[in-house]
file upload.csv (CSV, C-alpha atoms and all ligand atoms)
chain,number,residue,atom,x,y,z
E,1,MET,CA,0.0,0.0,0.0
E,2,LYS,CA,1.3,3.4,-0.9
E,3,GLU,CA,2.3,5.5,2.1
E,4,LEU,CA,1.2,9.1,2.7
E,5,SER,CA,3.1,11.2,5.2
E,6,ILE,CA,1.2,13.4,7.7
E,7,GLY,CA,2.6,16.5,9.5
E,8,ILE,CA,0.3,17.7,12.2
E,9,VAL,CA,0.3,21.1,13.9
E,10,GLY,CA,-1.1,20.8,17.5
E,11,TYR,CA,-0.8,18.2,20.2
E,12,LYS,CA,-3.5,19.0,22.7
E,13,PHE,CA,-7.1,17.8,22.7
E,14,MET,CA,-7.5,17.9,18.9
E,15,GLY,CA,-3.9,16.7,18.4
E,16,ARG,CA,-4.8,13.5,20.3
E,17,ALA,CA,-8.2,13.0,18.6
E,18,HIS,CA,-6.5,13.4,15.2
E,19,SER,CA,-3.5,11.2,16.0
E,20,ASN,CA,-5.9,8.5,17.1
E,21,GLY,CA,-7.8,8.9,13.9
E,22,TRP,CA,-4.8,8.5,11.6
E,23,LYS,CA,-3.6,5.5,13.6
E,24,LYS,CA,-7.0,3.7,13.6
E,25,ALA,CA,-8.3,4.4,10.1
E,26,PRO,CA,-6.0,1.9,8.3
E,27,LEU,CA,-6.7,-0.8,10.9
E,28,PHE,CA,-10.5,-0.7,10.4
E,29,PHE,CA,-11.0,0.6,6.9
E,30,ASP,CA,-9.6,-0.6,3.5
E,31,LEU,CA,-7.7,2.4,2.4
E,32,PRO,CA,-5.7,3.3,-0.7
E,33,PHE,CA,-3.0,4.9,1.4
E,34,LYS,CA,-1.3,4.0,4.7
E,35,PRO,CA,-0.9,7.2,6.7
E,36,VAL,CA,2.5,7.6,8.2
E,37,LEU,CA,2.7,9.8,11.3
E,38,LYS,CA,5.8,11.7,10.1
E,39,ALA,CA,6.0,14.8,12.3
E,40,VAL,CA,4.2,16.7,15.0
E,41,CYS,CA,4.7,20.5,15.5
E,42,GLY,CA,4.2,22.6,18.6
E,43,ARG,CA,6.0,25.2,20.7
E,44,ASN,CA,6.8,23.4,24.0
E,45,GLU,CA,9.7,21.0,23.1
E,46,ALA,CA,9.5,18.8,26.2
E,47,ALA,CA,5.7,18.3,25.9
E,48,LEU,CA,6.0,17.8,22.2
E,49,ASN,CA,8.7,15.1,22.5
E,50,GLU,CA,6.6,13.3,25.1
E,51,PHE,CA,3.5,13.5,22.8
E,52,ALA,CA,5.5,12.2,19.8
E,53,ARG,CA,6.8,9.2,21.8
E,54,LYS,CA,3.4,8.3,23.2
E,55,TRP,CA,1.4,8.6,20.0
E,56,GLY,CA,4.1,7.3,17.6
E,57,TRP,CA,5.0,10.4,15.6
E,58,GLN,CA,8.4,9.9,14.1
E,59,GLU,CA,9.8,13.4,14.4
E,60,THR,CA,9.0,16.8,16.0
E,61,GLU,CA,9.2,20.3,14.7
E,62,THR,CA,8.9,23.6,16.6
E,63,SER,CA,8.3,25.7,13.4
E,64,TRP,CA,5.2,25.0,11.3
E,65,ARG,CA,6.8,27.1,8.5
E,66,LYS,CA,9.6,24.6,8.4
E,67,MET,CA,7.3,21.6,8.5
E,68,VAL,CA,5.1,22.7,5.6
E,69,GLU,CA,8.2,23.0,3.5
E,70,ARG,CA,9.4,19.5,4.1
E,71,PRO,CA,9.4,17.5,0.9
E,72,ASP,CA,8.7,14.2,2.8
E,73,ILE,CA,5.3,15.4,4.0
E,74,ASP,CA,2.1,15.0,1.8
E,75,VAL,CA,-0.7,16.2,4.1
E,76,ILE,CA,-0.7,19.0,6.7
E,77,ASP,CA,-3.2,18.4,9.4
E,78,ILE,CA,-4.1,21.6,11.3
E,79,ALA,CA,-5.2,20.7,14.8
E,80,ALA,CA,-4.2,24.1,16.3
E,81,PRO,CA,-6.4,27.1,17.4
E,82,GLN,CA,-8.3,28.9,14.6
E,83,HIS,CA,-6.2,32.1,14.6
E,84,LEU,CA,-3.3,30.0,13.1
E,85,HIS,CA,-5.4,28.2,10.4
E,86,TYR,CA,-5.1,30.9,7.7
E,87,ASP,CA,-1.3,31.2,7.6
E,88,ILE,CA,-0.7,27.5,7.9
E,89,ALA,CA,-3.2,26.4,5.3
E,90,ILE,CA,-2.0,28.9,2.7
E,91,ALA,CA,1.6,28.0,3.3
E,92,ALA,CA,0.8,24.3,3.1
E,93,ALA,CA,-1.1,24.7,-0.1
E,94,LYS,CA,1.7,26.8,-1.7
E,95,ASN,CA,4.0,23.9,-0.8
E,96,GLY,CA,1.8,21.5,-2.6
E,97,LYS,CA,0.4,19.8,0.6
E,98,HIS,CA,-3.1,18.6,1.0
E,99,VAL,CA,-4.8,20.3,3.9
E,100,PHE,CA,-6.9,18.6,6.6
E,101,CYS,CA,-8.1,21.4,8.8
E,102,GLU,CA,-10.0,21.2,12.2
E,103,LYS,CA,-13.0,23.5,12.6
E,104,PRO,CA,-13.7,26.4,12.9
E,105,LEU,CA,-12.1,27.0,9.5
E,106,ALA,CA,-10.8,30.5,10.0
E,107,MET,CA,-11.3,33.8,11.8
E,108,SER,CA,-13.4,35.2,8.9
E,109,SER,CA,-15.0,34.1,5.6
E,110,ALA,CA,-12.6,36.5,3.9
E,111,GLN,CA,-9.7,34.5,5.2
E,112,ALA,CA,-11.4,31.2,4.3
E,113,GLU,CA,-11.9,32.4,0.7
E,114,GLU,CA,-8.2,33.0,0.4
E,115,MET,CA,-7.5,29.6,1.9
E,116,LEU,CA,-9.7,28.0,-0.7
E,117,GLU,CA,-8.1,30.0,-3.5
E,118,ALA,CA,-4.6,28.9,-2.4
E,119,CYS,CA,-5.7,25.2,-2.4
E,120,GLU,CA,-7.4,25.5,-5.8
E,121,GLN,CA,-4.5,27.3,-7.4
E,122,ASN,CA,-2.1,24.7,-6.1
E,123,ARG,CA,-4.5,21.8,-6.9
E,124,VAL,CA,-4.4,20.3,-3.4
E,125,HIS,CA,-7.3,18.8,-1.5
E,126,HIS,CA,-8.9,20.7,1.3
E,127,PHE,CA,-11.0,19.2,4.1
E,128,LEU,CA,-12.7,20.8,7.0
E,129,ASN,CA,-13.2,18.5,10.0
E,130,HIS,CA,-16.7,18.9,11.4
E,131,ASN,CA,-16.5,15.4,12.9
E,132,TYR,CA,-20.2,15.1,13.8
E,133,ARG,CA,-21.2,14.8,10.2
E,134,ARG,CA,-19.6,11.4,10.5
E,135,VAL,CA,-21.7,10.0,13.3
E,136,PRO,CA,-23.6,7.0,11.8
E,137,ALA,CA,-26.9,8.1,13.3
E,138,ILE,CA,-26.5,11.5,11.6
E,139,SER,CA,-25.7,9.8,8.3
E,140,LEU,CA,-29.0,8.0,8.8
E,141,ALA,CA,-30.8,11.3,9.4
E,142,LYS,CA,-29.4,12.6,6.1
E,143,LYS,CA,-30.5,9.4,4.3
E,144,LEU,CA,-34.0,9.7,5.7
E,145,ILE,CA,-34.2,13.3,4.6
E,146,ASP,CA,-32.8,12.6,1.1
E,147,THR,CA,-35.2,9.7,0.6
E,148,LYS,CA,-38.1,12.0,1.5
E,149,LYS,CA,-39.1,10.2,4.7
E,150,ILE,CA,-39.6,13.5,6.5
E,151,GLY,CA,-41.2,15.3,3.5
E,152,GLN,CA,-40.9,19.1,3.3
E,153,ILE,CA,-38.9,20.4,6.2
E,154,TYR,CA,-40.5,23.2,8.2
E,155,HIS,CA,-38.4,23.4,11.4
E,156,TRP,CA,-34.8,23.0,12.5
E,157,ARG,CA,-34.0,23.4,16.2
E,158,CYS,CA,-30.5,22.9,17.4
E,159,CYS,CA,-28.7,23.3,20.7
E,160,TYR,CA,-25.0,23.0,21.6
E,161,GLN,CA,-24.6,23.2,25.4
E,162,GLN,CA,-21.5,23.1,27.6
E,163,ASP,CA,-20.6,24.4,31.0
E,164,TRP,CA,-16.8,24.3,31.3
E,165,VAL,CA,-16.3,28.1,31.8
E,166,MET,CA,-19.1,28.7,34.3
E,167,ASP,CA,-16.9,29.1,37.3
E,168,PRO,CA,-16.0,32.9,37.4
E,169,ASN,CA,-12.5,31.8,38.4
E,170,PHE,CA,-12.0,29.7,35.2
E,171,PRO,CA,-9.0,31.4,33.6
E,172,LEU,CA,-8.9,33.6,30.5
E,173,THR,CA,-7.8,30.9,28.0
E,174,TRP,CA,-7.3,31.6,24.3
E,175,GLN,CA,-10.9,30.4,23.7
E,176,LEU,CA,-12.2,33.5,25.6
E,177,GLN,CA,-10.1,36.0,23.7
E,178,GLN,CA,-11.2,37.5,20.4
E,179,GLU,CA,-7.7,37.8,19.0
E,180,PHE,CA,-7.2,34.0,19.1
E,181,ALA,CA,-10.8,32.7,18.9
E,182,GLN,CA,-12.7,35.4,17.0
E,183,SER,CA,-15.8,34.6,18.9
E,184,GLY,CA,-17.0,32.3,21.7
E,185,PRO,CA,-19.6,29.6,21.4
E,186,GLN,CA,-20.7,31.1,18.1
E,187,TRP,CA,-17.5,30.0,16.4
E,188,ASP,CA,-16.7,27.0,18.6
E,189,LEU,CA,-20.1,25.4,18.9
E,190,ASN,CA,-22.5,27.0,16.4
E,191,SER,CA,-19.9,26.3,13.7
E,192,HIS,CA,-20.8,22.6,14.2
E,193,CYS,CA,-24.5,23.3,14.4
E,194,VAL,CA,-24.5,25.5,11.3
E,195,ASP,CA,-22.4,22.9,9.4
E,196,MET,CA,-25.0,20.3,10.4
E,197,ALA,CA,-27.9,22.5,9.3
E,198,LEU,CA,-26.2,23.2,5.9
E,199,TYR,CA,-25.7,19.4,5.5
E,200,LEU,CA,-29.2,18.3,6.6
E,201,ILE,CA,-31.5,21.2,5.7
E,202,GLY,CA,-29.8,23.5,3.1
E,203,LYS,CA,-28.6,27.0,2.5
E,204,ILE,CA,-29.3,29.7,5.1
E,205,THR,CA,-30.4,33.1,3.7
E,206,ALA,CA,-31.2,35.3,6.7
E,207,VAL,CA,-30.1,35.5,10.3
E,208,SER,CA,-31.2,37.3,13.4
E,209,ALA,CA,-29.2,36.8,16.6
E,210,LEU,CA,-28.5,37.8,20.2
E,211,THR,CA,-25.4,37.2,22.3
E,212,GLY,CA,-25.0,37.0,26.1
E,213,HIS,CA,-21.9,38.1,28.1
E,214,PHE,CA,-22.2,36.8,31.6
E,215,ILE,CA,-18.7,37.0,33.0
E,216,THR,CA,-16.6,39.8,31.6
E,217,GLU,CA,-13.3,39.5,33.5
E,218,ARG,CA,-11.3,36.5,34.5
E,219,PRO,CA,-7.9,35.5,36.0
E,220,LEU,CA,-5.1,35.1,33.5
E,221,ALA,CA,-4.3,31.5,32.4
E,222,GLU,CA,-1.3,29.4,33.0
E,223,GLU,CA,-1.2,27.9,29.4
E,224,ALA,CA,1.3,25.2,30.2
E,225,THR,CA,-1.2,23.5,32.5
E,226,SER,CA,-3.9,23.2,29.8
E,227,HIS,CA,-5.3,19.6,29.5
E,228,ASN,CA,-8.8,18.6,28.3
E,229,LEU,CA,-10.0,22.2,28.4
E,230,LYS,CA,-8.9,22.6,32.0
E,231,VAL,CA,-6.4,25.3,32.8
E,232,ARG,CA,-4.9,26.7,36.1
E,233,ALA,CA,-4.9,30.4,36.8
E,234,LYS,CA,-1.5,32.1,36.5
E,235,SER,CA,-1.9,34.7,39.2
E,236,ILE,CA,-4.6,37.0,40.7
E,237,GLU,CA,-4.1,39.3,37.8
E,238,SER,CA,-7.1,39.4,35.5
E,239,GLY,CA,-8.1,40.3,32.0
E,240,LYS,CA,-11.1,41.1,29.9
E,241,VAL,CA,-13.2,38.4,28.3
E,242,THR,CA,-13.6,39.6,24.7
E,243,VAL,CA,-16.0,36.9,23.3
E,244,GLU,CA,-19.6,36.1,24.0
E,245,ASP,CA,-20.6,33.4,26.5
E,246,ALA,CA,-23.8,32.4,24.6
E,247,ALA,CA,-25.2,33.0,21.1
E,248,LEU,CA,-28.8,32.5,20.0
E,249,MET,CA,-29.7,32.7,16.3
E,250,MET,CA,-33.0,32.5,14.3
E,251,VAL,CA,-32.6,31.7,10.6
E,252,ARG,CA,-34.5,31.3,7.4
E,253,PHE,CA,-33.4,28.6,4.9
E,254,GLU,CA,-33.5,28.9,1.1
E,255,ASN,CA,-36.1,26.1,1.0
E,256,GLY,CA,-38.5,28.0,3.2
E,257,ALA,CA,-37.7,26.1,6.5
E,258,MET,CA,-37.1,28.1,9.7
E,259,GLY,CA,-34.4,27.3,12.2
E,260,SER,CA,-33.1,28.2,15.6
E,261,PHE,CA,-29.6,27.7,17.1
E,262,GLU,CA,-28.6,28.0,20.8
E,263,ALA,CA,-24.9,27.7,21.6
E,264,THR,CA,-23.8,28.3,25.2
E,265,ARG,CA,-21.0,27.6,27.6
E,266,PHE,CA,-23.3,28.4,30.5
E,267,ALA,CA,-25.7,25.4,30.6
E,268,MET,CA,-25.0,24.0,34.0
E,269,GLY,CA,-24.6,20.2,34.0
E,270,ARG,CA,-24.3,20.0,30.2
E,271,LYS,CA,-20.8,18.9,29.4
E,272,ASN,CA,-21.0,18.5,25.6
E,273,ARG,CA,-24.6,18.2,24.5
E,274,LEU,CA,-25.4,18.7,20.8
E,275,SER,CA,-29.0,18.0,20.1
E,276,PHE,CA,-31.3,18.8,17.1
E,277,GLU,CA,-34.9,18.4,16.1
E,278,ILE,CA,-36.2,18.4,12.5
E,279,TYR,CA,-40.0,18.6,11.7
E,280,GLY,CA,-41.3,18.0,8.2
E,281,SER,CA,-44.6,17.4,6.4
E,282,SER,CA,-44.5,13.6,6.8
E,283,GLY,CA,-42.1,12.9,9.6
E,284,ALA,CA,-39.7,14.1,12.3
E,285,ILE,CA,-36.2,13.3,13.5
E,286,THR,CA,-34.4,14.1,16.8
E,287,PHE,CA,-30.8,13.5,17.8
E,288,ASP,CA,-28.8,13.9,21.1
E,289,LEU,CA,-25.0,13.5,21.1
E,290,GLU,CA,-25.3,12.1,24.7
E,291,ARG,CA,-27.0,9.1,23.0
E,292,MET,CA,-25.0,9.3,19.8
E,293,ASN,CA,-25.8,5.8,18.6
E,294,GLU,CA,-29.5,6.5,18.5
E,295,LEU,CA,-31.8,8.4,16.1
E,296,ARG,CA,-35.4,9.1,17.0
E,297,TYR,CA,-37.8,9.0,14.1
E,298,TYR,CA,-41.5,9.7,13.7
E,299,SER,CA,-43.4,8.8,10.6
E,300,ALA,CA,-46.8,10.2,9.9
E,301,GLU,CA,-47.4,7.2,7.7
E,302,ASP,CA,-47.3,4.6,10.5
E,303,ASP,CA,-50.7,3.2,11.5
E,304,GLN,CA,-52.7,5.0,14.1
E,305,ASP,CA,-52.1,2.5,16.9
E,306,THR,CA,-48.3,2.3,16.7
E,307,LYS,CA,-47.6,5.8,15.6
E,308,GLY,CA,-45.0,7.6,17.8
E,309,PHE,CA,-41.3,8.5,18.0
E,310,LYS,CA,-39.3,5.3,17.7
E,311,THR,CA,-35.6,4.9,18.7
E,312,ILE,CA,-33.4,3.5,16.0
E,313,LEU,CA,-30.1,2.1,17.2
E,314,ALA,CA,-27.8,3.0,14.3
E,315,THR,CA,-25.4,0.1,14.6
E,316,ALA,CA,-26.5,-2.3,11.9
E,317,GLU,CA,-24.3,-3.2,9.0
E,318,SER,CA,-26.5,-1.0,6.7
E,319,HIS,CA,-25.7,2.1,8.8
E,320,LYS,CA,-22.8,4.1,7.3
E,321,TYR,CA,-19.4,3.1,8.7
E,322,MET,CA,-20.8,0.5,11.1
E,323,ASP,CA,-19.8,-2.6,9.0
E,324,HIS,CA,-16.1,-1.6,9.7
E,325,TRP,CA,-16.5,-1.9,13.5
E,326,TRP,CA,-18.1,-4.5,15.7
E,327,PRO,CA,-21.1,-6.9,15.3
E,328,GLU,CA,-24.5,-5.2,15.3
E,329,GLY,CA,-25.5,-3.5,18.5
E,330,HIS,CA,-22.0,-2.8,19.7
E,331,ILE,CA,-21.9,1.0,20.0
E,332,ILE,CA,-19.2,3.4,19.1
E,333,GLY,CA,-18.1,6.8,20.5
E,334,TYR,CA,-16.8,10.3,19.9
E,335,GLU,CA,-13.3,9.2,18.7
E,336,HIS,CA,-14.8,7.0,15.9
E,337,THR,CA,-16.1,10.1,14.1
E,338,PHE,CA,-12.5,11.3,13.6
E,339,VAL,CA,-11.5,7.8,12.4
E,340,HIS,CA,-14.3,8.1,9.8
E,341,ALA,CA,-13.1,11.5,8.7
E,342,MET,CA,-9.5,10.3,8.2
E,343,ALA,CA,-10.8,7.2,6.3
E,344,ASP,CA,-13.0,9.3,4.0
E,345,PHE,CA,-10.3,11.8,3.4
E,346,LEU,CA,-7.7,9.2,2.5
E,347,THR,CA,-10.1,7.5,0.2
E,348,SER,CA,-11.0,10.8,-1.5
E,349,LEU,CA,-7.3,11.5,-2.3
E,350,LYS,CA,-7.2,8.3,-4.4
E,351,GLU,CA,-10.4,9.0,-6.2
E,352,ASP,CA,-9.4,12.7,-6.6
E,353,GLU,CA,-12.8,13.6,-5.3
E,354,MET,CA,-13.4,16.7,-3.1
E,355,ILE,CA,-15.5,15.4,-0.2
E,356,SER,CA,-17.5,17.6,2.2
E,357,PRO,CA,-17.2,19.4,4.4
E,358,ASN,CA,-14.4,21.3,2.6
E,359,PHE,CA,-13.3,24.9,2.5
E,360,THR,CA,-16.2,25.8,0.2
E,361,ASP,CA,-18.7,24.5,2.8
E,362,GLY,CA,-16.6,26.3,5.5
E,363,ILE,CA,-17.0,29.7,3.8
E,364,GLN,CA,-20.8,29.3,3.8
E,365,GLY,CA,-20.8,28.3,7.4
E,366,LEU,CA,-18.6,31.3,8.4
E,367,LYS,CA,-20.9,33.7,6.5
E,368,VAL,CA,-23.8,32.5,8.7
E,369,LEU,CA,-21.7,32.9,11.9
E,370,GLU,CA,-20.5,36.4,10.8
E,371,ALA,CA,-24.1,37.4,10.0
E,372,GLY,CA,-25.1,36.2,13.5
E,373,ILE,CA,-22.5,38.4,15.2
E,374,ARG,CA,-23.4,41.4,13.0
E,375,SER,CA,-27.1,40.9,13.8
E,376,ALA,CA,-26.3,40.8,17.6
E,377,GLN,CA,-24.3,44.0,17.3
E,378,THR,CA,-26.8,45.9,15.1
E,379,GLY,CA,-30.1,44.5,16.1
E,380,ASN,CA,-30.8,43.9,12.4
E,381,VAL,CA,-31.8,40.8,10.4
E,382,ILE,CA,-28.8,40.0,8.2
E,383,SER,CA,-29.3,38.5,4.7
E,384,ILE,CA,-26.7,36.2,3.3
E,385,ILE,CA,-26.1,36.0,-0.5
E,401,LIG,C1,-14.7,22.8,23.1
E,401,LIG,O1,-15.9,23.6,23.2
E,401,LIG,C2,-14.9,21.7,22.1
E,401,LIG,O2,-13.7,21.0,22.2
E,401,LIG,C3,-15.0,22.1,20.7
E,401,LIG,O3,-14.0,22.9,20.2
E,401,LIG,C4,-15.2,20.9,19.8
E,401,LIG,O4,-15.3,21.2,18.5
E,401,LIG,C5,-16.4,20.1,20.3
E,401,LIG,O5,-16.5,18.9,19.6
E,401,LIG,C6,-16.2,19.7,21.8
E,401,LIG,O6,-16.0,20.9,22.5
call {"tool": "encode", "arguments": {"input": "upload.csv", "output": "structure tokens"}}
result
Amino acid sequence: MKELSIGIVGYKFMGRAHSNGWKKAPLFFDLPFKPVLKAVCGRNEAALNEFARKWGWQETETSWRKMVERPDIDVIDIAAPQHLHYDIAIAAAKNGKHVFCEKPLAMSSAQAEEMLEACEQNRVHHFLNHNYRRVPAISLAKKLIDTKKIGQIYHWRCCYQQDWVMDPNFPLTWQLQQEFAQSGPQWDLNSHCVDMALYLIGKITAVSALTGHFITERPLAEEATSHNLKVRAKSIESGKVTVEDAALMMVRFENGAMGSFEATRFAMGRKNRLSFEIYGSSGAITFDLERMNELRYYSAEDDQDTKGFKTILATAESHKYMDHWWPEGHIIGYEHTFVHAMADFLTSLKEDEMISPNFTDGIQGLKVLEAGIRSAQTGNVISII
């Protein structure tokens, strides 16, 4: 099998999720390429060396500029915070590397457009990792919609709820600063929800939004301690929170459907809950990431006595990706969605097919997120062309 060398930037939460994906994909899927974990790039040399040893990366680099120029690397995997995506993706494309980029794609749709242009000009593949598209139950939702089991869609309702910053003493990490994150849950969480809506429902044409700012000042963070979104405070010195804590949007879709989005880091008790509901003329679908192997489906065509929401366990061989894992009924988890992304990406390179989501999809998503922020600032409904 032909080998394909990966260079990854980032070695924290997403660095681990991606490393696991590259390692597992060839074990469970028949792929045209064997990914080689060639080099991992980060700033803290000691932590980087430990990461490389543990996860099997052959070499380390402390400069991403150097890494993207290496002739022995074919794919640049960007698993670093979003303020770095633009520079790395453009440099990678100019050096002829395919780009596998973690969400959110960029700090703005204007940046994302340039990233797309660089990839197109240099004829390299671009992929945007919204991993939840690759949950088998969500692939089933897409199939039910495409095969008209829901009919005409009227409503989309989506919530992404977390609570990891609710303690007022939680430090001012990069995720809470506009210069690094651009925005709070709007970029971090609603980016997933909007991607899901574009995938399942269609194009969004108008947005009205409100943002909430609950805690506006926090102690500075001791970055070196960061692990699994937990960080220690550096000192009693504090700084301003420059992103929102919650973002609510109402939208109109091109096909006439209406939608709502609620993204918050202030939903006490909710650790990582992404849920959505879809209501159509002949059926309905609901999903909850806390029960990610299940899809709930209502068909108006069922007979009167047995009509009602039924729970489908999306673990049969016929459910997308599941025939690569365990016998029917053996559930899968969060990390599998990354394995699916890596497997699809590697397959697409052989077939020279540009799979979704890619930078073109990412631009659409960012336009919706930007419209949301603009609407919250101005109080206007913002149209998207
Ligand atoms: C933090 O909110 C985060 O890690 C997001 O950045 C991820 O995209 C999401 O999947 C889990 O939560």
call {"tool": "residues_near_ligand", "arguments": {"input": "upload.csv", "ligand": "ligand LIG 401 (chain E)", "cutoff": "7 Å", "atoms": "all atoms listed in the file", "output": "PyMOL selection string"}}
result
chain E and resi 103+188-189+272
call {"tool": "residues_around", "arguments": {"input": "upload.csv", "residues": "E:Ala197", "least_positions_apart": "3", "cutoff": "12 Å", "atoms": "all atoms listed in the file", "output": "PDB file with C-alpha atoms, in the coordinates of the input"}}
result
ATOM      1  CA  HIS E 130     -16.700  18.900  11.400  1.00  0.00           C
ATOM      2  CA  TYR E 132     -20.200  15.100  13.800  1.00  0.00           C
ATOM      3  CA  ARG E 133     -21.200  14.800  10.200  1.00  0.00           C
ATOM      4  CA  ILE E 138     -26.500  11.500  11.600  1.00  0.00           C
ATOM      5  CA  ALA E 141     -30.800  11.300   9.400  1.00  0.00           C
ATOM      6  CA  LYS E 142     -29.400  12.600   6.100  1.00  0.00           C
ATOM      7  CA  ILE E 153     -38.900  20.400   6.200  1.00  0.00           C
ATOM      8  CA  HIS E 155     -38.400  23.400  11.400  1.00  0.00           C
ATOM      9  CA  TRP E 156     -34.800  23.000  12.500  1.00  0.00           C
ATOM     10  CA  ARG E 157     -34.000  23.400  16.200  1.00  0.00           C
ATOM     11  CA  CYS E 158     -30.500  22.900  17.400  1.00  0.00           C
ATOM     12  CA  CYS E 159     -28.700  23.300  20.700  1.00  0.00           C
ATOM     13  CA  ASN E 190     -22.500  27.000  16.400  1.00  0.00           C
ATOM     14  CA  SER E 191     -19.900  26.300  13.700  1.00  0.00           C
ATOM     15  CA  HIS E 192     -20.800  22.600  14.200  1.00  0.00           C
ATOM     16  CA  CYS E 193     -24.500  23.300  14.400  1.00  0.00           C
ATOM     17  CA  VAL E 194     -24.500  25.500  11.300  1.00  0.00           C
ATOM     18  CA  LEU E 200     -29.200  18.300   6.600  1.00  0.00           C
ATOM     19  CA  ILE E 201     -31.500  21.200   5.700  1.00  0.00           C
ATOM     20  CA  GLY E 202     -29.800  23.500   3.100  1.00  0.00           C
ATOM     21  CA  LYS E 203     -28.600  27.000   2.500  1.00  0.00           C
ATOM     22  CA  ILE E 204     -29.300  29.700   5.100  1.00  0.00           C
ATOM     23  CA  VAL E 251     -32.600  31.700  10.600  1.00  0.00           C
ATOM     24  CA  ARG E 252     -34.500  31.300   7.400  1.00  0.00           C
ATOM     25  CA  PHE E 253     -33.400  28.600   4.900  1.00  0.00           C
ATOM     26  CA  GLU E 254     -33.500  28.900   1.100  1.00  0.00           C
ATOM     27  CA  ALA E 257     -37.700  26.100   6.500  1.00  0.00           C
ATOM     28  CA  MET E 258     -37.100  28.100   9.700  1.00  0.00           C
ATOM     29  CA  GLY E 259     -34.400  27.300  12.200  1.00  0.00           C
ATOM     30  CA  SER E 260     -33.100  28.200  15.600  1.00  0.00           C
ATOM     31  CA  PHE E 261     -29.600  27.700  17.100  1.00  0.00           C
ATOM     32  CA  SER E 275     -29.000  18.000  20.100  1.00  0.00           C
ATOM     33  CA  PHE E 276     -31.300  18.800  17.100  1.00  0.00           C
ATOM     34  CA  GLU E 277     -34.900  18.400  16.100  1.00  0.00           C
ATOM     35  CA  ILE E 278     -36.200  18.400  12.500  1.00  0.00           C
ATOM     36  CA  ASP E 361     -18.700  24.500   2.800  1.00  0.00           C
ATOM     37  CA  GLN E 364     -20.800  29.300   3.800  1.00  0.00           C
ATOM     38  CA  GLY E 365     -20.800  28.300   7.400  1.00  0.00           C
ATOM     39  CA  VAL E 368     -23.800  32.500   8.700  1.00  0.00           C
TER      40      VAL E 368
END
call {"tool": "residues_near_point", "arguments": {"input": "upload.csv", "point": "(-2.3, 26.7, 3.9)", "cutoff": "12 Å", "atoms": "only C-alpha atoms", "output": "PyMOL selection string"}}
result
chain E and resi 9+64-65+67-69+75-78+84-101+105-106+111-122+124-127+359
call {"tool": "atom_distance", "arguments": {"input": "upload.csv", "atom1": "atom CA of E:Arg134", "atom2": "atom CA of E:Trp187"}}
result
19.6 Å
call {"tool": "residues_around", "arguments": {"input": "upload.csv", "residues": "stretch 339-348 of chain E", "least_positions_apart": "2", "cutoff": "10 Å", "atoms": "only C-alpha atoms", "output": "CSV table (one decimal) with C-alpha atoms, keeping the file's coordinate frame"}}
result
chain,number,residue,atom,x,y,z
E,4,LEU,CA,1.2,9.1,2.7
E,17,ALA,CA,-8.2,13.0,18.6
E,18,HIS,CA,-6.5,13.4,15.2
E,19,SER,CA,-3.5,11.2,16.0
E,20,ASN,CA,-5.9,8.5,17.1
E,21,GLY,CA,-7.8,8.9,13.9
E,22,TRP,CA,-4.8,8.5,11.6
E,23,LYS,CA,-3.6,5.5,13.6
E,24,LYS,CA,-7.0,3.7,13.6
E,25,ALA,CA,-8.3,4.4,10.1
E,26,PRO,CA,-6.0,1.9,8.3
E,27,LEU,CA,-6.7,-0.8,10.9
E,28,PHE,CA,-10.5,-0.7,10.4
E,29,PHE,CA,-11.0,0.6,6.9
E,30,ASP,CA,-9.6,-0.6,3.5
E,31,LEU,CA,-7.7,2.4,2.4
E,32,PRO,CA,-5.7,3.3,-0.7
E,33,PHE,CA,-3.0,4.9,1.4
E,34,LYS,CA,-1.3,4.0,4.7
E,35,PRO,CA,-0.9,7.2,6.7
E,100,PHE,CA,-6.9,18.6,6.6
E,125,HIS,CA,-7.3,18.8,-1.5
E,126,HIS,CA,-8.9,20.7,1.3
E,127,PHE,CA,-11.0,19.2,4.1
E,128,LEU,CA,-12.7,20.8,7.0
E,129,ASN,CA,-13.2,18.5,10.0
E,130,HIS,CA,-16.7,18.9,11.4
E,131,ASN,CA,-16.5,15.4,12.9
E,132,TYR,CA,-20.2,15.1,13.8
E,133,ARG,CA,-21.2,14.8,10.2
E,134,ARG,CA,-19.6,11.4,10.5
E,135,VAL,CA,-21.7,10.0,13.3
E,136,PRO,CA,-23.6,7.0,11.8
E,320,LYS,CA,-22.8,4.1,7.3
E,321,TYR,CA,-19.4,3.1,8.7
E,324,HIS,CA,-16.1,-1.6,9.7
E,334,TYR,CA,-16.8,10.3,19.9
E,335,GLU,CA,-13.3,9.2,18.7
E,336,HIS,CA,-14.8,7.0,15.9
E,337,THR,CA,-16.1,10.1,14.1
E,350,LYS,CA,-7.2,8.3,-4.4
E,351,GLU,CA,-10.4,9.0,-6.2
E,352,ASP,CA,-9.4,12.7,-6.6
E,353,GLU,CA,-12.8,13.6,-5.3
E,354,MET,CA,-13.4,16.7,-3.1
E,355,ILE,CA,-15.5,15.4,-0.2
E,356,SER,CA,-17.5,17.6,2.2
E,357,PRO,CA,-17.2,19.4,4.4
call {"tool": "residues_around", "arguments": {"input": "upload.csv", "residues": "E:Thr211", "least_positions_apart": "5", "cutoff": "8 Å", "atoms": "only C-alpha atoms", "output": "MDAnalysis selection string"}}
result
chainID E and resid 244:248 373 376
call {"tool": "atom_distance", "arguments": {"input": "upload.csv", "atom1": "atom CA of E:Ile312", "atom2": "atom CA of E:Gly269"}}
result
26.1 Å
call {"tool": "residues_near_point", "arguments": {"input": "upload.csv", "point": "(-20.3, -3.9, 16.7)", "cutoff": "12 Å", "atoms": "all atoms listed in the file", "output": "PyMOL selection string"}}
result
chain E and resi 293+313-317+319+321-333
